[in-house]
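Participant: Would you mind keeping the following structure in view while I ask a few things?
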Amino acid sequence: MPLDLAPLARAPRLLVEAELEPLQGSRFQPTGFPNLGHAVYAAPDGDGRMILVESAQSMANRLELVCWDEAADDWQEPLRGLPVVKVVDAAGVALTNSVLEAHRLNSPYILEGKDRGLFEYLKAELAAMEQGRVDPRKLAAVLLRLDANALLHGVFLAKKELAGGRLRLPRALSAFIEAEDVREATSGGVKNDGVSPSGDTAKGFGNVPFAREEWVARRIVAYFNLDLHQIRAFALGPEAEALLVALALYKVRRFLDGNLRLRTACDLSLRGEPRVTRPDGFALPPLDTLEEALPRLIAAVAAKGLFAGAPALTVTWRK
């Protein structure tokens, strides 16, 4: 089945919901936060409690991971040809890249080392925005050449030498997972020391009892929001727009169809088919349809000269 994006042509958002469930049993372990623990909050109608299973920032990272082939140190096969910035050490050994880095192109391994090539390129290309308003279309065009994925993930080039640290784009694709009508499932255990049960626990000896808190829920739902209006506002042309939308759909579909083990005790599975709530008349394409379409879409954008010369730009990290 060919990929048909026509129903999205005038929609401001693409909203997708996918119901999940524990792969085995009924318990799951939600995300936690420093000085807070689990994010538990009242349901909007005041009836029952909800919990955040996976945050927006964590989901952004997970939607990157499904695109990268760790063994090949490259994009997944259907995405090869997309630009990316790779970081190697002085011996040429791969260290990281702009897909996996916490701050993407703003990674210190990309912009803070002795290799200033990419930094100077960004400075030259974006020099017109040193004063006055930031032009998001110009910024988007530059980012498309280096790492098209940054236009979906969002980016903040927080360097004062780059337009005073004002260069940023919000996420075009965001997601989170929450659970409804939740209840604690409290348990525990003991770390046993068969040699010295009463040993010094501060040094790792002795028997150590511990508490464990998991949760059960009536319903777990993953939510995805693609800002189609923002993608069109980049004014990159129909080829680039189609590629960015297809890439976003690929991320969502590959995440849902793939390994949903978010943590040791949070192993989930997709329950039924994802549901598009906006716009009407569009369904999330199957993964094989997206995998078939993406190489053609990547080639079309490359043919327009919108990517940098090589699929991978390399920065050598020297502290």
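Naming works like this for the structure tokens: A, B, ... for the chains as they're shown, residue 1 at the start of each chain, ligands 1 onward in shown order.
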Against segment 218-232 of chain A, which residues of segment 51-166 of chain A fall within 12 Å? For each one I want the closest pair of atoms and the distance in Å (one decimal), counting only C-alpha atoms, rows by chain and increasing residue number, as CSV.
Facilitator:
residue,atom,partner,partner_atom,distance
A:Ile51,CA,A:Ile220,CA,9.4
A:Leu52,CA,A:Ile220,CA,9.6
A:Val53,CA,A:Ile220,CA,8.2
A:Glu54,CA,A:Ala222,CA,8.7
A:Ser55,CA,A:Ala222,CA,10.4
A:Ala56,CA,A:Phe224,CA,9.6
A:Met59,CA,A:Phe224,CA,9.6
A:Ala60,CA,A:Phe224,CA,10.4
A:Leu63,CA,A:Phe224,CA,10.7
A:Pro136,CA,A:Gln230,CA,9.9
A:Arg137,CA,A:Arg232,CA,9.9
A:Ala140,CA,A:Ile231,CA,9.4
A:Ala141,CA,A:Ile231,CA,11.5
A:Leu144,CA,A:Ile231,CA,11.7
A:Ala148,CA,A:Ile231,CA,11.6
A:Asn149,CA,A:Ile231,CA,12.0
A:Ala150,CA,A:Ile231,CA,11.8
A:Leu151,CA,A:Ile231,CA,8.0
A:Leu152,CA,A:Ile231,CA,8.4
A:His153,CA,A:Leu226,CA,10.6
A:Gly154,CA,A:Gln230,CA,11.1
Participant: Based on DSSP run over this structure's backbone, return all residues of segment 234-271 of chain A in strand (DSSP E or B), as a PyMOL selection string.
Facilitator: chain A and resi 261-263+266-270
Participant: Could you tell me how far atom CA of Ala185 of chain A lies from atom CA of Glu214 of chain A, in Å and to one decimal?
Facilitator: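 Distance between the two atoms: 4.9 Å.
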Participant: Would you list the contacts of Asn259 of chain A as a list in words, taking every protein, DNA or RNA residue within 9 Å and counting only C-alpha atoms, but skipping same-chain residues closer than 5 positions in sequence?
Facilitator: Arg254, Asp267, Leu268 and Ser269 of chain A
Participant: Dump N, CA and C atoms for the selected residues as a PDB file, in the first residue's frame?
Facilitator:
ATOM      1  N   ARG A 254       7.384   2.457  14.819  1.00  0.00           N
ATOM      2  CA  ARG A 254       8.455   1.528  15.200  1.00  0.00           C
ATOM      3  C   ARG A 254       8.555   1.406  16.724  1.00  0.00           C
ATOM      4  N   ASP A 267       7.501  -3.733  31.401  1.00  0.00           N
ATOM      5  CA  ASP A 267       7.536  -4.404  30.104  1.00  0.00           C
ATOM      6  C   ASP A 267       6.122  -4.412  29.551  1.00  0.00           C
ATOM      7  N   LEU A 268       5.881  -3.606  28.528  1.00  0.00           N
ATOM      8  CA  LEU A 268       4.528  -3.388  28.023  1.00  0.00           C
ATOM      9  C   LEU A 268       4.360  -3.954  26.622  1.00  0.00           C
ATOM     10  N   SER A 269       3.111  -4.027  26.182  1.00  0.00           N
ATOM     11  CA  SER A 269       2.803  -4.444  24.812  1.00  0.00           C
ATOM     12  C   SER A 269       1.636  -3.621  24.301  1.00  0.00           C
TER      13      SER A 269
END
